[in-house]
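Inspection log for the structure reproduced underneath, given as structure tokens.
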Amino acid sequence: MASIVNITEKLGSQAAAKAFTLTSAVWFAFATSFGMIAAGYLIAPDFMANIEFIQFGRSRPIHVNLVLFGFVTPGLLAAALYYAPRLLRTHLYSQRLGVVTAILWNLTLVIGVISLGMGYSQGREYAELPWAVDLMIAGLFGLVIFNLFMTVHRRQEPILYVSIWYACAAVVLTAVGYCLGNVIWKPDSGALLGIPDAILLWFYGHNIFGLLLTPLALGVAYYVLPLATRSPLYSHTLSLIGFWSLIVVYTHVGTHHLLQVPVPTWLKAISIVDSVGMVIPVMVFLINIWFTVKGKLGDIHADIGAKFVFTGTIMYFFANIQGSFMALPQVQRVTHFNNWVVGHAHLGVFAFAGITALGGLYFILPKITKKPLYSRYLADLQYWLILIGVSVMIIDLTIVGLLQGNAWLNGETVYRVLPEIHLYYVIRASAGLFILSGAYLGLYNIVRTLFFNPGAATE
Amino acid sequence: MYYPYFISYMLAGLVIALLVFAWAMKNDQFRDQQRARFLPLFDAPQRKSARASRVSRIEVYTLFGLACVGLCSSFAVVIFALLRVE
Ligand code: HEM
Ligand code: HEM
């Protein structure tokens, strides 16, 4: 206990946000390292053949769980823990609780990586983590909910700004959805039986992107972009319409992952209609935020955080347009079960949510440390490394997806297609190197800014 | 039979969402929307706004180019898929 008081004091006034910032930066580096290992196996299956801990079937879920729960979520939460008290004109309910949450968060991730590496996986995508880790994650979200809601409860500002709505909804819906999707009441298998399990899993799986990453990222964008351009939000009413329509529409799309599976047709129809309907909340958000920053691109360029976040909004546009098409059964006959979807996943989770998270971190860092960023140059370099890396990766994976989808429709055998796409796997790994170096540069920059920053205090 | 569970979960979700919405109505969360637009700007330091530089324009064009590539590939695949429908 005493040591936690100590750590909190050492971290200063914004201890919780700082702790989550560091968490995100560290796991970004680890997560991309595991991504590189996985990409290596796809190029050469006997790459590091005898190391069980990191063989493809283990490094892939480690990569995916780390980017979701280690990098993007803590990054977006760091920004939320900073902006929530400001928008509510109060203090965070407990900085100490925030730091405890961050420490436990890291502990959970370490245990998660070790168990996946040792082969303790429940084998359901996005729900691989074993039961004990599931419980810990649910508990962590509980702690965040408590801190956030107590802050809301003590607010001086009666109106909840749209970012607050998004942040609160994200953590509550995820806490509940996580327990359900991981079938937490069945510790041994963590699964139902048969088709209902697939339906439940993808209801949960899509909610990780739609009701955790997306709302948290939109909350950050709605805070950072008006502030960086010093313009009021174009329309707060519109933003609330966007919020409620997102809650209504996004909860129904899970089955679009199962269009090639014998699930009830009415469920597929709902998921397709709502996937196309996602255009409404997305366009509401984009129109609102782009009108807010209209004519202020200079300000966005001047603030590295805003630059990342603005880029994230553009990527959100693509993820949505692409996603809505991918939910059409005719299109999905080509794009399903191949690298097209992996391309979309990197577009959504990384280019949209991840880049927005980085933007949130760079935006709050000077404010929580009360010093300028250690190096704006490094941050710019990271921006370009990541942007080039992820764009090349997405385009590359999209091409591979088309090759594979076409071959599948033509009934070509897999062993003939694999040599054809080998080159693209090499290109994907090279693009990954850009992202990997971006991640480590960012880690260095953030650690320097937090702990060893020679810059003069700004306030 | 999982349907009763699924349906009761959906109903619970619906009811909670409606309750939150009713709370928001009652607490005037949808009033005073003009002031709400300015909430992030509270205590924002006044700075002169930055002028767009040449570099930033190049960046915008690059992003716009990426946007076009992305859109084109999406449309290409739709057309491709539709052509393949026998
Ligand atoms: C907003 C509208 C969106 C729609 C309509 C949409 C639609 C889809 C569809 C139909 C699939 C399944 C493709 C298949 O298996 O054939 C999919 C997969 C996926 N989407 Fe989206 N998407 C959207 C946005 C996003 C966003 C914003 C993210 C990330 C934050 C995201 C992350 C993912 C991921 C990670 C997968 C891969 C799932 C897997 O492992 O199979 N999507 N999306
Ligand atoms: C060094 C950079 C990266 C490399 C080399 C890389 C590589 C990979 C590989 C090899 C897979 C498995 C694909 C398969 O099974 O065919 C994968 C999946 C995935 N990666 Fe990455 N990745 C990188 C960065 C990231 C980042 C930064 C994020 C998110 C912030 C991310 C999110 C994901 C997701 C969500 C999946 C699951 C996709 C699906 O199931 O459809 N990756 N990645």
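Letters A, B, ... mark the chains of the structure tokens in the order given; residue numbers begin at 1 per chain; ligand numbers begin at 1, in order shown.
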
Problem - Contacts to ligand 1 at 8 Å cut-off (only C-alpha atoms and all ligand atoms) as number ranges by chain - result: A: 125-126, 205-206, 208-210, 213-214, 250, 253, 256-259, 272, 274-279, 282, 316, 319-328, 332-333, 335-338, 341-342, 344-350, 352-353

Practice task
For Val162 (chain A), list every protein, DNA or RNA residue within 9 Å, evaluated using only C-alpha atoms, and leave out those in the same chain fewer than 6 positions away; present the list as a ChimeraX atom specification.
Solution key: /A:219,222-223,236,239-240,243 /B:36

Exercise for the section: For ligand 2, list the contacting residues at 6 Å or closer, counting only C-alpha atoms and all ligand atoms, as a ChimeraX atom specification. Expected result: /A:32,35-36,38-39,60,64,67,341-342,345-346,349-350,354,429,432-433,435-436

Practice task
At a cut-off of 6 Å, list the chain A residues touching chain B, using only C-alpha atoms, as a list in words.
Solution key: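 Filtering chain A at 6 Å from chain B with only C-alpha atoms gives Ile159, Leu227, Pro232, Leu233, His236, Gly298, Asp299 and Val331 of chain A.
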
Practice task
Apply DSSP to the structure's backbone, then extract all residues of chain B labelled alpha helix (DSSP H) and return them as a PyMOL selection string.
Solution key: chain B and resi 3-26+33-36+54-84

Output file for the residues above (C-alpha atoms, as a tab-separated table (two decimals), in the first residue's frame):
chain	number	residue	atom	x	y	z
B	3	TYR	CA	-32.83	-18.38	-27.57
B	4	PRO	CA	-34.60	-17.60	-24.28
B	5	TYR	CA	-31.26	-16.45	-22.84
B	6	PHE	CA	-30.33	-14.45	-25.91
B	7	ILE	CA	-33.74	-12.79	-26.01
B	8	SER	CA	-33.77	-11.96	-22.32
B	9	TYR	CA	-30.30	-10.48	-22.64
B	10	MET	CA	-31.44	-8.37	-25.57
B	11	LEU	CA	-34.47	-7.20	-23.64
B	12	ALA	CA	-32.33	-6.29	-20.64
B	13	GLY	CA	-30.05	-4.28	-22.91
B	14	LEU	CA	-32.99	-2.50	-24.46
B	15	VAL	CA	-34.56	-1.66	-21.12
B	16	ILE	CA	-31.30	-0.32	-19.68
B	17	ALA	CA	-30.66	1.79	-22.79
B	18	LEU	CA	-34.18	3.22	-22.57
B	19	LEU	CA	-33.70	3.96	-18.86
B	20	VAL	CA	-30.46	5.80	-19.53
B	21	PHE	CA	-32.13	7.71	-22.33
B	22	ALA	CA	-35.03	8.65	-20.04
B	23	TRP	CA	-32.54	9.80	-17.41
B	24	ALA	CA	-30.82	11.96	-20.01
B	25	MET	CA	-34.12	13.53	-21.05
B	26	LYS	CA	-35.11	14.21	-17.47
B	33	GLN	CA	-26.71	22.41	-26.66
B	34	GLN	CA	-25.13	25.67	-27.76
B	35	ARG	CA	-23.13	25.88	-24.55
B	36	ALA	CA	-22.25	22.20	-24.76
B	54	ARG	CA	3.76	24.00	-47.47
B	55	VAL	CA	4.65	20.78	-45.69
B	56	SER	CA	1.22	20.54	-44.21
B	57	ARG	CA	-0.32	21.01	-47.62
B	58	ILE	CA	1.82	18.19	-48.99
B	59	GLU	CA	0.67	16.04	-46.09
B	60	VAL	CA	-2.94	16.81	-46.80
B	61	TYR	CA	-2.49	15.92	-50.44
B	62	THR	CA	-0.78	12.67	-49.45
B	63	LEU	CA	-3.66	11.79	-47.17
B	64	PHE	CA	-6.12	12.69	-49.88
B	65	GLY	CA	-4.21	10.48	-52.32
B	66	LEU	CA	-4.35	7.61	-49.86
B	67	ALA	CA	-8.06	8.24	-49.51
B	68	CYS	CA	-8.56	7.93	-53.26
B	69	VAL	CA	-6.50	4.74	-53.48
B	70	GLY	CA	-8.54	3.25	-50.65
B	71	LEU	CA	-11.86	4.18	-52.20
B	72	CYS	CA	-10.84	2.97	-55.64
B	73	SER	CA	-9.78	-0.41	-54.32
B	74	SER	CA	-13.05	-0.76	-52.43
B	75	PHE	CA	-15.07	0.02	-55.55
B	76	ALA	CA	-12.87	-2.23	-57.66
B	77	VAL	CA	-13.62	-5.18	-55.43
B	78	VAL	CA	-17.35	-4.51	-55.44
B	79	ILE	CA	-17.40	-4.40	-59.23
B	80	PHE	CA	-15.17	-7.47	-59.32
B	81	ALA	CA	-17.51	-9.33	-56.99
B	82	LEU	CA	-20.62	-8.32	-58.90
B	83	LEU	CA	-19.07	-9.36	-62.22
B	84	ARG	CA	-18.29	-12.76	-60.76

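Pairwise distance (CA of Phe149 (chain A), CA of Ile287 (chain A)) equals 29.4 Å.
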
Exercise for the section: Go ahead and compute the interatomic distance for CA of Leu373 (chain A) and CA of Asn453 (chain A), in Å to one decimal. Expected result: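 Calculated distance between CA of Leu373 (chain A) and CA of Asn453 (chain A) is 8.1 Å.
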
Handout entry: Within 6 Å of Gly181 (chain A) using only C-alpha atoms, minus same-chain residues under 3 positions, as JSON, numbers by chain
Key = {"A": [177, 178, 200, 201, 204]}

Atoms to include: C-alpha atoms. Write the selected residues as a compact mmCIF listing (two decimals), in the first residue's frame.
# COMPACT_ATOMS: atom_id res chain seq x y z
CA GLY A 177 -19.96 -7.96 -23.10
CA TYR A 178 -16.59 -9.38 -22.08
CA LEU A 200 -22.31 -15.22 -29.07
CA LEU A 201 -18.60 -15.06 -29.83
CA TYR A 204 -18.81 -10.09 -28.40

Handout entry: For CA of Pro130 (chain A) and CA of Phe20 (chain A), the interatomic separation in Å (one decimal)
Key =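 Separation between CA of Pro130 (chain A) and CA of Phe20 (chain A): 23.6 Å.
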
Problem - Shortest interatomic distance to Val293 (chain A) - which of A:Tyr234, A:Trp266, A:Trp384, A:Trp185, counting only C-alpha atoms - result: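 Among the listed residues, the smallest separation from Val293 (chain A) belongs to A:Tyr234.
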
Fill in the blank from the handout: The residue from A:Lys268, A:Arg416, A:Lys294, A:Arg58 with the smallest atom-to-atom distance to Leu129 (chain A), counting only C-alpha atoms, is A:Arg58
